[in-house]
>>> print(open('run.cif').read())   # mmCIF, C-alpha atoms and all ligand atoms
data_target
loop_
_atom_site.label_atom_id
_atom_site.label_comp_id
_atom_site.auth_asym_id
_atom_site.auth_seq_id
_atom_site.Cartn_x
_atom_site.Cartn_y
_atom_site.Cartn_z
CA MET A 1 -4.42 -29.95 21.15
CA ASN A 2 -5.97 -28.92 24.46
CA SER A 3 -5.92 -25.38 25.70
CA SER A 4 -3.10 -25.99 28.18
CA SER A 5 -0.72 -26.79 25.30
CA LEU A 6 -1.53 -23.62 23.38
CA PRO A 7 1.24 -21.02 23.57
CA ALA A 8 0.42 -18.23 25.97
CA ARG A 9 -0.75 -15.08 24.24
CA PRO A 10 1.60 -12.23 25.05
CA VAL A 11 0.16 -9.33 27.01
CA TYR A 12 1.71 -5.86 26.74
CA THR A 13 0.92 -3.05 29.11
CA GLN A 14 4.36 -1.41 28.98
CA VAL A 15 4.83 0.46 25.73
CA THR A 16 8.55 -0.23 25.54
CA HIS A 17 7.88 -3.99 25.66
CA ALA A 18 5.38 -3.65 22.82
CA VAL A 19 7.90 -1.63 20.78
CA ALA A 20 10.45 -4.38 21.47
CA ARG A 21 7.94 -6.91 20.17
CA ALA A 22 7.53 -4.86 16.97
CA ALA A 23 11.34 -4.80 16.66
CA ASP A 24 11.37 -8.56 17.09
CA MET A 25 9.00 -8.88 14.15
CA ALA A 26 11.19 -6.48 12.15
CA THR A 27 14.12 -8.80 12.88
CA GLN A 28 12.18 -11.64 11.29
CA ALA A 29 11.57 -9.44 8.25
CA TYR A 30 15.32 -8.90 8.03
CA GLY A 31 15.79 -12.65 7.82
CA GLN A 32 13.28 -12.80 4.96
CA GLY A 33 15.13 -10.14 2.97
CA THR A 34 12.22 -7.71 2.99
CA PHE A 35 11.91 -4.24 4.53
CA SER A 36 12.63 -4.69 8.24
CA VAL A 37 9.45 -3.36 9.77
CA GLY A 38 7.12 -5.16 12.14
CA GLY A 39 4.11 -4.56 14.32
CA THR A 40 1.68 -6.01 16.80
CA LEU A 41 -2.06 -5.54 17.19
CA LEU A 42 -3.25 -5.18 20.78
CA ASP A 43 -6.71 -5.21 22.30
CA PRO A 44 -7.65 -2.71 25.08
CA LEU A 45 -6.17 -5.05 27.74
CA GLY A 46 -2.85 -5.37 25.91
CA ASN A 47 -3.45 -8.89 24.62
CA GLU A 48 -1.59 -9.45 21.39
CA LEU A 49 -4.11 -10.51 18.78
CA LYS A 50 -1.66 -10.71 15.90
CA ALA A 51 1.99 -9.84 15.27
CA ILE A 52 3.29 -9.56 11.75
CA HIS A 53 6.17 -8.19 9.70
CA ASN A 54 6.55 -6.63 6.29
CA ASN A 55 5.98 -9.13 3.49
CA VAL A 56 6.62 -6.98 0.41
CA VAL A 57 9.52 -9.20 -0.68
CA VAL A 58 9.48 -13.00 -0.54
CA ASN A 59 12.31 -15.07 -2.01
CA GLY A 60 13.85 -12.00 -3.61
CA LEU A 61 10.71 -11.06 -5.56
CA THR A 62 8.04 -8.42 -5.01
CA HIS A 63 5.29 -10.51 -3.46
CA ASP A 64 2.84 -7.74 -2.59
CA PRO A 65 3.82 -4.05 -2.72
CA THR A 66 1.12 -3.27 -0.15
CA ALA A 67 2.14 -5.93 2.41
CA HIS A 68 3.29 -3.50 5.08
CA GLY A 69 2.75 -4.62 8.67
CA GLU A 70 -0.04 -2.18 9.52
CA ARG A 71 -1.99 -2.85 6.31
CA GLN A 72 -1.78 -6.59 6.93
CA LEU A 73 -2.87 -6.26 10.56
CA ILE A 74 -5.96 -4.27 9.58
CA ASP A 75 -6.90 -6.74 6.84
CA TRP A 76 -6.38 -9.54 9.37
CA TYR A 77 -8.80 -7.78 11.75
CA TYR A 78 -11.50 -7.58 9.07
CA ALA A 79 -10.87 -11.18 8.02
CA GLN A 80 -11.61 -12.25 11.62
CA LEU A 81 -14.85 -10.28 11.64
CA ALA A 82 -15.82 -11.87 8.33
CA GLN A 83 -15.40 -15.27 9.95
CA GLY A 84 -17.79 -14.28 12.71
CA ILE A 85 -15.13 -13.74 15.38
CA THR A 86 -16.00 -10.97 17.84
CA LEU A 87 -13.29 -8.37 18.40
CA PRO A 88 -13.34 -4.96 20.08
CA PRO A 89 -14.21 -2.06 17.76
CA PRO A 90 -11.33 -0.48 15.80
CA ALA A 91 -11.27 2.60 18.06
CA GLU A 92 -10.18 0.34 20.94
CA MET A 93 -7.48 -1.46 18.98
CA THR A 94 -3.85 -0.33 18.99
CA ILE A 95 -1.21 -1.10 16.39
CA VAL A 96 2.33 -0.79 17.76
CA THR A 97 4.69 -0.47 14.82
CA SER A 98 8.47 -0.39 14.68
CA LEU A 99 8.44 2.43 12.10
CA ASP A 100 6.15 5.43 11.60
CA PRO A 101 3.34 4.45 9.19
CA CYS A 102 3.62 5.45 5.54
CA CYS A 103 0.86 7.20 3.55
CA MET A 104 -0.81 3.95 2.52
CA CYS A 105 -0.89 2.58 6.06
CA THR A 106 -2.02 5.91 7.48
CA GLY A 107 -4.91 5.96 5.02
CA ALA A 108 -5.76 2.40 6.03
CA ILE A 109 -5.46 3.16 9.76
CA LEU A 110 -7.64 6.27 9.52
CA ALA A 111 -10.18 4.60 7.23
CA ALA A 112 -10.53 1.78 9.75
CA GLY A 113 -10.25 3.91 12.92
CA PHE A 114 -7.36 2.22 14.77
CA LYS A 115 -4.91 3.81 17.22
CA VAL A 116 -1.15 3.69 16.54
CA VAL A 117 2.02 3.81 18.58
CA SER A 118 5.20 4.34 16.51
CA GLY A 119 8.74 3.31 17.42
CA ALA A 120 11.24 4.90 15.04
CA PHE A 121 10.60 7.89 12.79
CA ASP A 122 10.84 7.64 9.00
CA ASP A 123 11.91 10.99 7.57
CA PHE A 124 11.47 9.81 3.97
CA ALA A 125 8.11 8.02 3.77
CA GLY A 126 6.59 8.34 7.26
CA ILE A 127 3.40 10.36 7.69
CA ASN A 128 5.20 12.15 10.56
CA TYR A 129 8.26 12.86 8.42
CA ASN A 130 8.81 16.24 10.10
CA ARG A 131 8.78 14.56 13.55
CA GLN A 132 6.39 17.20 14.94
CA ALA A 133 3.11 15.27 14.70
CA SER A 134 1.69 18.18 12.71
CA PHE A 135 0.92 15.93 9.73
CA PRO A 136 1.23 18.44 6.88
CA SER A 137 0.35 15.69 4.38
CA LEU A 138 -3.16 15.30 5.75
CA SER A 139 -6.32 17.22 4.96
CA PRO A 140 -7.67 19.13 7.98
CA GLY A 141 -10.23 16.42 8.73
CA LEU A 142 -7.73 13.58 8.55
CA ARG A 143 -5.17 15.61 10.49
CA ARG A 144 -7.60 15.96 13.41
CA GLN A 145 -8.14 12.20 13.37
CA ALA A 146 -4.42 11.46 13.28
CA GLN A 147 -3.77 13.85 16.14
CA THR A 148 -6.13 11.86 18.34
CA ARG A 149 -4.90 8.41 17.26
CA TYR A 150 -1.14 8.63 16.62
CA ALA A 151 1.12 8.45 19.67
CA TYR A 152 4.88 8.95 19.60
CA PRO A 153 5.88 8.11 23.18
CA ALA A 154 8.89 9.74 24.76
CA VAL A 155 12.15 7.87 24.33
CA THR A 156 14.46 7.85 27.32
CA GLY A 157 18.22 7.63 27.14
CA SER A 158 21.30 9.70 26.52
CA ALA A 159 22.09 8.77 22.90
CA ARG A 160 21.78 11.71 20.54
CA GLY A 161 19.15 11.13 17.89
CA PHE A 162 17.12 8.63 19.84
CA ALA A 163 15.94 10.43 22.98
CA ARG A 164 12.80 12.46 22.26
CA PRO A 165 9.84 14.01 24.03
CA ALA A 166 6.38 12.55 23.60
CA THR A 167 4.44 13.96 20.62
CA GLY A 168 1.10 13.21 19.06
CA THR A 169 -1.73 12.06 21.27
CA ALA A 170 -1.19 10.75 24.80
CA LEU A 171 -0.88 7.02 25.23
CA SER A 172 -4.11 5.29 26.17
CA ALA A 173 -5.19 1.71 26.98
CA PRO A 174 -3.55 -0.75 27.05
CA PHE A 175 -0.77 1.63 28.09
CA ALA A 176 -0.75 4.33 30.75
CA ALA A 177 -0.23 7.91 29.64
CA GLY A 178 3.31 9.07 30.25
CA GLN A 179 5.02 5.73 29.70
CA THR A 180 8.32 5.88 27.86
CA VAL A 181 10.27 3.74 25.43
CA ASP A 182 13.83 2.73 26.17
CA GLN A 183 16.29 4.08 23.61
CA ALA A 184 17.62 0.57 22.96
CA ASP A 185 14.20 -0.56 21.68
CA VAL A 186 13.68 2.38 19.35
CA ALA A 187 17.32 2.23 18.18
CA LEU A 188 16.79 -1.38 17.20
CA CYS A 189 13.66 -0.44 15.22
CA GLN A 190 15.56 2.26 13.36
CA ALA A 191 18.75 0.29 12.75
CA LEU A 192 16.87 -2.71 11.40
CA PHE A 193 15.01 -0.60 8.88
CA GLN A 194 18.08 1.29 7.76
CA ALA A 195 20.01 -1.97 7.41
CA THR A 196 17.61 -3.24 4.77
CA VAL A 197 16.00 -0.36 2.91
CA ASN A 198 18.58 0.13 0.16
CA GLN A 199 19.51 -3.53 -0.03
CA VAL A 200 15.89 -4.54 -0.58
CA LYS A 201 15.37 -1.87 -3.24
CA ASN A 202 18.41 -3.21 -5.11
CA THR A 203 17.16 -6.79 -4.82
CA ILE A 204 13.82 -6.04 -6.45
CA ASN A 205 15.15 -3.57 -9.01
CA THR A 206 15.77 -6.22 -11.66
CA ASP A 207 13.12 -5.25 -14.18
CA LEU A 208 13.60 -4.33 -17.81
CA ALA A 209 13.54 -0.81 -19.21
CA ALA A 210 10.49 0.11 -21.28
CA ASP A 211 12.36 -0.25 -24.60
CA GLN A 212 13.22 -3.85 -23.74
CA LEU A 213 9.58 -4.87 -23.25
CA HIS A 214 7.62 -6.96 -25.76
CA ASP A 215 3.95 -6.62 -26.63
CA PRO A 216 1.93 -9.42 -24.97
CA ALA A 217 -0.71 -9.01 -27.70
CA THR A 218 1.76 -10.72 -30.09
CA LEU A 219 1.68 -13.95 -28.06
CA PRO A 220 -0.65 -16.78 -29.18
CA ALA A 221 -4.02 -16.87 -27.44
CA ASP A 222 -3.16 -20.18 -25.80
CA ASP A 223 0.21 -19.06 -24.45
CA PRO A 224 0.31 -19.88 -20.71
CA LEU A 225 1.14 -16.25 -19.87
CA ILE A 226 -1.98 -15.04 -21.71
CA LEU A 227 -4.12 -17.74 -20.14
CA ALA A 228 -2.92 -16.72 -16.66
CA LEU A 229 -3.68 -13.06 -17.38
CA LYS A 230 -7.16 -13.85 -18.71
CA ALA A 231 -7.85 -16.11 -15.74
CA ILE A 232 -7.82 -12.94 -13.62
CA ASP A 233 -9.65 -10.71 -16.10
CA PRO A 234 -11.20 -12.29 -19.21
CA ALA A 235 -11.23 -8.81 -20.78
CA ALA A 236 -7.42 -8.59 -20.72
CA LEU A 237 -6.00 -7.54 -24.11
CA THR A 238 -9.47 -6.84 -25.54
CA TYR A 239 -8.84 -3.08 -25.49
CA ARG A 240 -5.81 -1.16 -26.71
CA ALA A 241 -5.34 2.57 -26.25
CA PRO A 242 -4.33 4.47 -29.40
CA ALA A 243 -1.03 5.43 -27.78
CA ARG A 244 0.86 4.91 -24.54
CA GLY A 245 -0.74 6.74 -21.66
CA LEU A 246 -3.64 7.99 -23.78
CA PRO A 247 -6.74 5.88 -23.07
CA ASP A 248 -9.79 6.76 -25.16
CA ALA A 249 -13.54 6.08 -24.99
CA GLY A 250 -12.92 2.41 -25.77
CA LEU A 251 -11.88 1.94 -22.15
CA ALA A 252 -15.23 3.24 -20.85
CA PRO A 253 -17.21 -0.04 -21.07
CA HIS A 254 -14.56 -1.85 -19.05
CA LEU A 255 -14.46 0.80 -16.33
CA GLN A 256 -18.26 1.05 -16.28
CA ALA A 257 -18.72 -2.70 -15.90
CA ALA A 258 -16.21 -2.89 -13.04
CA ALA A 259 -17.68 0.22 -11.37
CA ARG A 260 -21.14 -1.40 -11.37
CA VAL A 261 -19.70 -4.48 -9.67
CA ASP A 262 -17.87 -2.24 -7.18
CA LEU A 263 -21.21 -0.79 -6.06
CA THR A 264 -22.61 -4.25 -5.39
CA GLN A 265 -19.48 -5.16 -3.42
CA GLY A 266 -19.69 -2.35 -0.91
CA GLY A 267 -17.70 0.30 -2.77
CA SER A 268 -18.48 3.78 -4.03
CA GLY A 269 -18.65 2.71 -7.67
CA ASN A 270 -14.98 3.14 -8.49
CA ALA A 271 -12.92 0.93 -10.77
CA VAL A 272 -9.31 0.94 -11.91
CA ALA A 273 -7.67 -0.31 -15.11
CA LEU A 274 -4.01 -1.03 -15.76
CA LEU A 275 -2.70 -0.45 -19.29
CA ASP A 276 0.73 -1.61 -20.36
CA PRO A 277 3.23 0.59 -22.29
CA PHE A 278 1.74 -0.65 -25.59
CA GLY A 279 -1.68 0.58 -24.49
CA ASN A 280 -3.04 -2.92 -23.86
CA LEU A 281 -5.62 -3.34 -21.13
CA LEU A 282 -4.07 -5.84 -18.71
CA LEU A 283 -6.53 -5.84 -15.82
CA CYS A 284 -9.62 -3.84 -14.79
CA MET A 285 -11.11 -4.36 -11.35
CA PRO A 286 -13.73 -3.32 -8.80
CA GLY A 287 -13.13 -3.28 -5.06
CA HIS A 288 -14.20 -5.76 -2.39
CA GLU A 289 -14.99 -3.25 0.32
CA HIS A 290 -17.76 -5.38 1.82
CA VAL A 291 -14.90 -7.55 3.11
CA SER A 292 -12.59 -4.74 4.25
CA PRO A 293 -12.43 -0.97 3.66
CA LEU A 294 -8.86 -1.61 2.54
CA GLN A 295 -9.89 -3.71 -0.45
CA THR A 296 -10.56 -0.88 -2.85
CA ALA A 297 -10.28 -1.34 -6.60
CA PHE A 298 -6.74 0.03 -6.76
CA MET A 299 -5.53 -2.01 -3.79
CA ARG A 300 -6.90 -5.20 -5.34
CA LEU A 301 -5.49 -4.37 -8.77
CA THR A 302 -1.94 -3.64 -7.68
CA ARG A 303 -1.88 -6.73 -5.47
CA SER A 304 -3.30 -8.90 -8.26
CA TYR A 305 -0.74 -7.72 -10.79
CA ALA A 306 2.15 -8.31 -8.39
CA ALA A 307 0.80 -11.76 -7.51
CA LEU A 308 0.44 -12.61 -11.21
CA ARG A 309 4.03 -11.63 -11.98
CA GLU A 310 5.34 -13.54 -8.97
CA GLN A 311 3.32 -16.62 -9.94
CA LEU A 312 4.55 -16.53 -13.56
CA ILE A 313 8.19 -15.94 -12.58
CA ASN A 314 8.00 -18.95 -10.28
CA ASN A 315 6.32 -21.07 -12.97
CA PRO A 316 9.04 -23.12 -14.69
CA ALA A 317 7.01 -23.15 -17.92
CA ILE A 318 7.20 -19.34 -18.12
CA GLY A 319 9.96 -18.04 -15.85
CA ALA A 320 11.46 -14.70 -14.97
CA GLU A 321 12.80 -13.61 -18.35
CA LYS A 322 9.57 -14.10 -20.29
CA THR A 323 7.42 -12.64 -17.49
CA ARG A 324 9.58 -9.53 -17.22
CA ARG A 325 9.64 -9.12 -21.01
CA TYR A 326 5.89 -9.32 -21.57
CA LEU A 327 4.48 -8.10 -18.26
CA GLY A 328 6.74 -5.25 -17.25
CA HIS A 329 7.10 -3.51 -13.95
CA PRO A 330 3.95 -1.51 -13.18
CA LYS A 331 5.97 1.74 -13.23
CA HIS A 332 5.92 1.43 -17.05
CA GLY A 333 2.13 1.22 -17.17
CA THR A 334 -0.81 3.60 -16.90
CA TRP A 335 -3.26 3.24 -14.03
CA VAL A 336 -6.67 4.68 -14.89
CA PHE A 337 -9.16 5.36 -12.09
CA ALA A 338 -12.83 5.80 -13.02
CA LYS A 339 -13.07 8.32 -10.17
CA GLY A 340 -10.11 10.39 -9.08
CA PRO A 341 -8.84 10.84 -5.52
CA ASP A 342 -10.83 12.91 -3.03
CA ASP A 343 -9.77 14.05 0.43
CA SER A 344 -10.75 10.77 2.11
CA ALA A 345 -8.56 8.35 4.05
CA ARG A 346 -9.24 5.81 1.31
CA SER A 347 -7.71 8.07 -1.33
CA LEU A 348 -4.68 8.73 0.88
CA MET A 349 -4.25 4.97 1.19
CA GLU A 350 -4.44 4.55 -2.58
CA LEU A 351 -2.00 7.37 -3.36
CA GLY A 352 0.39 5.84 -0.84
CA ALA A 353 -0.08 2.36 -2.27
CA PHE A 354 0.62 3.77 -5.72
CA GLY A 355 3.92 5.13 -4.41
CA SER A 356 4.76 1.75 -2.89
CA THR A 357 3.88 0.03 -6.15
CA MET A 358 6.26 2.26 -8.12
CA GLU A 359 9.08 1.23 -5.73
CA GLY A 360 10.98 4.42 -6.56
CA ALA A 361 11.21 7.04 -9.28
CA VAL A 362 8.91 6.56 -12.28
CA PRO A 363 10.78 6.47 -15.64
CA SER A 364 10.81 9.88 -17.30
CA GLU A 365 9.31 8.52 -20.52
CA ASN A 366 6.14 7.67 -18.59
CA PRO A 367 5.17 11.12 -17.32
CA VAL A 368 1.56 10.42 -16.27
CA PRO A 369 1.38 6.90 -14.85
CA LEU A 370 -1.62 7.73 -12.65
CA GLN A 371 -4.75 9.09 -14.35
CA TYR A 372 -8.43 9.45 -13.56
CA VAL A 373 -11.52 10.00 -15.68
CA VAL A 374 -13.93 11.88 -13.39
CA PRO A 375 -12.36 14.18 -10.77
CA GLY A 376 -12.97 13.50 -7.08
CA MET A 377 -11.67 16.95 -6.09
CA SER A 378 -10.35 20.05 -7.81
CA PRO A 379 -7.27 19.19 -9.92
CA THR A 380 -5.42 22.17 -8.44
CA ALA A 381 -6.16 21.06 -4.89
CA LEU A 382 -5.15 17.50 -5.71
CA THR A 383 -1.78 18.56 -7.11
CA ALA A 384 -1.19 20.83 -4.10
CA TRP A 385 -2.05 17.95 -1.76
CA CYS A 386 0.35 15.57 -3.52
CA GLN A 387 3.14 18.13 -3.18
CA GLN A 388 2.65 17.98 0.60
CA LEU A 389 3.09 14.21 0.82
CA PRO A 390 6.26 12.89 2.50
CA PRO A 391 9.45 13.16 0.38
CA PHE A 392 9.28 9.61 -0.98
CA TYR A 393 5.94 10.39 -2.65
CA SER A 394 6.36 14.06 -3.54
CA ARG A 395 10.01 14.08 -4.61
CA CYS A 396 11.07 10.52 -5.46
CA VAL A 397 8.01 8.91 -7.04
CA VAL A 398 6.37 12.32 -7.72
CA VAL A 399 2.79 11.16 -7.22
CA ASN A 400 0.62 13.52 -9.27
CA PRO A 401 -2.61 12.07 -10.71
CA LEU A 402 -3.96 13.91 -13.75
CA GLN A 403 -7.23 13.66 -15.65
CA VAL A 404 -7.21 11.60 -18.84
CA GLN A 405 -6.85 13.68 -21.99
CA SER A 406 -9.69 12.04 -23.93
CA GLN A 407 -12.82 14.19 -23.71
CA ALA A 408 -14.76 11.31 -25.25
CA LEU A 409 -13.74 9.03 -22.38
CA ILE A 410 -14.69 11.70 -19.83
CA ALA A 411 -18.04 12.24 -21.57
CA ALA A 412 -18.70 8.50 -21.68
CA MET A 413 -18.00 7.99 -17.98
CA THR A 414 -19.40 11.13 -16.37
CA PRO A 415 -23.11 10.22 -16.52
CA THR A 416 -22.45 6.80 -14.96
CA LEU A 417 -20.48 7.96 -11.93
ZN ZN A 501 3.07 1.34 5.21
#
>>> encode(input="run.cif", output="structure tokens")
Amino acid sequence: MNSSSLPARPVYTQVTHAVARAADMATQAYGQGTFSVGGTLLDPLGNELKAIHNNVVVNGLTHDPTAHGERQLIDWYYAQLAQGITLPPPAEMTIVTSLDPCCMCTGAILAAGFKVVSGAFDDFAGINYNRQASFPSLSPGLRRQAQTRYAYPAVTGSARGFARPATGTALSAPFAAGQTVDQADVALCQALFQATVNQVKNTINTDLAADQLHDPATLPADDPLILALKAIDPAALTYRAPARGLPDAGLAPHLQAAARVDLTQGGSGNAVALLDPFGNLLLCMPGHEHVSPLQTAFMRLTRSYAALREQLINNPAIGAEKTRRYLGHPKHGTWVFAKGPDDSARSLMELGAFGSTMEGAVPSENPVPLQYVVPGMSPTALTAWCQQLPPFYSRCVVVNPLQVQSQALIAAMTPTL
């Protein structure tokens, strides 16, 4: 293929055209049966480097709970750098998204340093859920960053509910300050999302209740489900907590080993383990932050578990019923962080990704699905922060990480972190 036969790369210098492009990607998401959100990544001249849509759901199954458009665009950017491709620095890159970014994507955007232009608001899970660009969910440091990077351009038109004044920071290259978005473009962004959000949640809400789950430790060691689990983490099923949600010091060696690897792979020495409702260790992982600041231990773990379930459901030798019976939805499990959240963008991303992973309210019989061993900030401040997150996180999922109860586990981990 010579260069003249390559498709022309779109160039956007009018913000409404870029919002229309994001809506076009959201339309493609609609066709896939996933959340209808899309976005485009632009360089300082307005050249589209990559356009993408939400990929949480593929073929009616949760493919990757973190595959929101913005998160994927940022990982794409770092993947290009890893291949030696030269791109402008993150501060000069703009993501134009059809819907206001969620907590996970905001953490990713701020951790990386990108600029954002949002089409429609999202009063439930958007970081600007109060529509005032005051970002009450963000720590003061992150709020200052967001206020210089998040633009909500004015929307022109007469339709009630769509026309709005500009808020957030002023538009900057590739757009000119003061540009506006046509109400038809932002209405399309909003209508597409609203057309799918409940439908998609119903599609993926096909998992078993906790009392219908079976203990994978009762399967033979050579069962294909066990072999697939151990192919990801050979230590799977080698530790079992004494009771559901109550990990003890026996988990420490696993977290310590993964935390040591995390340090060598560009991370801060964090690690995360996932225990099932029987207390079994399913997976324990470090991050891969030398590849991308988005590939923290938790992000890798939740994506790996979703990919494993999808792979097993699609495997005719195992199938949906057996997978769902032995490897339940992650909302039934316990996620144990070696180090708890701090006030960084990375922690915001992880708390948001946890909310996305839960896909809705956590069952009442699993009151503490998110735990940490060593605190990253004061427990009181952490709880207060979580109560300020957008309604999806604070009132639906009720994100509220707590320290593990086992003093022996805390004592075992504290000197190593
Ligand atoms: Zn998001």
>>> closest_atom_pairs(input="run.cif", of="chain A", to="ligand ZN 501 (chain A)", cutoff="7 Å", atoms="all atoms listed in the file", output="Markdown table")
| residue | atom | partner | partner_atom | distance |
| --- | --- | --- | --- | --- |
| A:His68 | CA | A:ZN501 | ZN | 4.8 |
| A:Gly69 | CA | A:ZN501 | ZN | 6.9 |
| A:Glu70 | CA | A:ZN501 | ZN | 6.4 |
| A:Arg71 | CA | A:ZN501 | ZN | 6.7 |
| A:Pro101 | CA | A:ZN501 | ZN | 5.1 |
| A:Cys102 | CA | A:ZN501 | ZN | 4.2 |
| A:Cys103 | CA | A:ZN501 | ZN | 6.5 |
| A:Met104 | CA | A:ZN501 | ZN | 5.4 |
| A:Cys105 | CA | A:ZN501 | ZN | 4.2 |
>>> residues_around(input="run.cif", residues="A:Ser36", least_positions_apart="2", cutoff="9 Å", atoms="all atoms listed in the file", output="CSV table (one decimal) with C-alpha atoms, keeping the file's coordinate frame")
chain,number,residue,atom,x,y,z
A,23,ALA,CA,11.3,-4.8,16.7
A,25,MET,CA,9.0,-8.9,14.2
A,26,ALA,CA,11.2,-6.5,12.2
A,27,THR,CA,14.1,-8.8,12.9
A,28,GLN,CA,12.2,-11.6,11.3
A,29,ALA,CA,11.6,-9.4,8.2
A,30,TYR,CA,15.3,-8.9,8.0
A,31,GLY,CA,15.8,-12.6,7.8
A,32,GLN,CA,13.3,-12.8,5.0
A,33,GLY,CA,15.1,-10.1,3.0
A,34,THR,CA,12.2,-7.7,3.0
A,38,GLY,CA,7.1,-5.2,12.1
A,53,HIS,CA,6.2,-8.2,9.7
A,54,ASN,CA,6.6,-6.6,6.3
A,98,SER,CA,8.5,-0.4,14.7
A,189,CYS,CA,13.7,-0.4,15.2
A,192,LEU,CA,16.9,-2.7,11.4
A,193,PHE,CA,15.0,-0.6,8.9
A,194,GLN,CA,18.1,1.3,7.8
A,195,ALA,CA,20.0,-2.0,7.4
A,196,THR,CA,17.6,-3.2,4.8
A,197,VAL,CA,16.0,-0.4,2.9
>>> closest_atom_pairs(input="run.cif", of="stretch 102-208 of chain A", to="stretch 308-321 of chain A", cutoff="12 Å", atoms="all atoms listed in the file", output="CSV")
residue,atom,partner,partner_atom,distance
A:Ile204,CA,A:Glu310,CA,11.6
A:Thr206,CA,A:Ala320,CA,10.1
A:Asp207,CA,A:Glu321,CA,9.3
A:Leu208,CA,A:Glu321,CA,9.3
>>> write_last_selection(input="run.cif", atoms="C-alpha atoms", output="short mmCIF file (atom, residue, chain, number, x, y, z; two decimals), in the coordinates of the input")
data_model
loop_
_atom_site.label_atom_id
_atom_site.label_comp_id
_atom_site.auth_asym_id
_atom_site.auth_seq_id
_atom_site.Cartn_x
_atom_site.Cartn_y
_atom_site.Cartn_z
CA ILE A 204 13.82 -6.04 -6.45
CA THR A 206 15.77 -6.22 -11.66
CA ASP A 207 13.12 -5.25 -14.18
CA LEU A 208 13.60 -4.33 -17.81
#
>>> atom_distance(input="run.cif", atom1="atom CA of A:Ala108", atom2="atom CA of A:Pro90")
11.6 Å
>>> atom_distance(input="run.cif", atom1="atom CA of A:Pro367", atom2="atom CA of A:Tyr239")
21.6 Å
>>> atom_distance(input="run.cif", atom1="atom CA of A:Arg303", atom2="atom CA of A:Ala353")
9.8 Å
>>> closest_residue(input="run.cif", among="A:Ile109, A:Ala159, A:Ile127, A:Ala259", to="A:Asp182", atoms="all atoms listed in the file")
A:Ala159
>>> closest_residue(input="run.cif", among="A:Met413, A:Leu110, A:Leu370, A:Leu41", to="A:Asn400", atoms="all atoms listed in the file")
A:Leu370
>>> decode(input="run.cif", residues="stretch 84-93 of chain A", atoms="N, CA, C and O atoms", output="PDB file, in the first residue's frame")
ATOM      1  N   GLY A  84       8.488   3.059  20.277  1.00  0.00           N
ATOM      2  CA  GLY A  84       9.470   3.991  19.742  1.00  0.00           C
ATOM      3  C   GLY A  84       8.889   5.084  18.871  1.00  0.00           C
ATOM      4  O   GLY A  84       9.632   5.818  18.214  1.00  0.00           O
ATOM      5  N   ILE A  85       7.567   5.186  18.818  1.00  0.00           N
ATOM      6  CA  ILE A  85       6.930   6.227  17.999  1.00  0.00           C
ATOM      7  C   ILE A  85       6.945   7.540  18.778  1.00  0.00           C
ATOM      8  O   ILE A  85       6.638   7.571  19.974  1.00  0.00           O
ATOM      9  N   THR A  86       7.319   8.613  18.111  1.00  0.00           N
ATOM     10  CA  THR A  86       7.396   9.921  18.759  1.00  0.00           C
ATOM     11  C   THR A  86       6.039  10.613  18.674  1.00  0.00           C
ATOM     12  O   THR A  86       5.461  10.727  17.595  1.00  0.00           O
ATOM     13  N   LEU A  87       5.549  11.045  19.806  1.00  0.00           N
ATOM     14  CA  LEU A  87       4.278  11.773  19.871  1.00  0.00           C
ATOM     15  C   LEU A  87       4.475  13.002  20.742  1.00  0.00           C
ATOM     16  O   LEU A  87       5.379  13.038  21.579  1.00  0.00           O
ATOM     17  N   PRO A  88       3.648  14.026  20.569  1.00  0.00           N
ATOM     18  CA  PRO A  88       3.761  15.197  21.448  1.00  0.00           C
ATOM     19  C   PRO A  88       3.546  14.787  22.906  1.00  0.00           C
ATOM     20  O   PRO A  88       2.911  13.766  23.175  1.00  0.00           O
ATOM     21  N   PRO A  89       4.064  15.576  23.842  1.00  0.00           N
ATOM     22  CA  PRO A  89       3.897  15.229  25.261  1.00  0.00           C
ATOM     23  C   PRO A  89       2.419  15.272  25.654  1.00  0.00           C
ATOM     24  O   PRO A  89       1.609  15.949  25.003  1.00  0.00           O
ATOM     25  N   PRO A  90       2.054  14.529  26.715  1.00  0.00           N
ATOM     26  CA  PRO A  90       0.643  14.452  27.118  1.00  0.00           C
ATOM     27  C   PRO A  90      -0.007  15.823  27.294  1.00  0.00           C
ATOM     28  O   PRO A  90      -1.183  16.001  26.948  1.00  0.00           O
ATOM     29  N   ALA A  91       0.729  16.808  27.803  1.00  0.00           N
ATOM     30  CA  ALA A  91       0.123  18.116  28.065  1.00  0.00           C
ATOM     31  C   ALA A  91      -0.370  18.791  26.790  1.00  0.00           C
ATOM     32  O   ALA A  91      -1.182  19.715  26.838  1.00  0.00           O
ATOM     33  N   GLU A  92       0.123  18.329  25.627  1.00  0.00           N
ATOM     34  CA  GLU A  92      -0.311  18.908  24.355  1.00  0.00           C
ATOM     35  C   GLU A  92      -1.370  18.066  23.654  1.00  0.00           C
ATOM     36  O   GLU A  92      -1.806  18.403  22.553  1.00  0.00           O
ATOM     37  N   MET A  93      -1.760  16.980  24.283  1.00  0.00           N
ATOM     38  CA  MET A  93      -2.734  16.066  23.667  1.00  0.00           C
ATOM     39  C   MET A  93      -4.122  16.349  24.238  1.00  0.00           C
ATOM     40  O   MET A  93      -4.268  16.606  25.431  1.00  0.00           O
TER      41      MET A  93
END
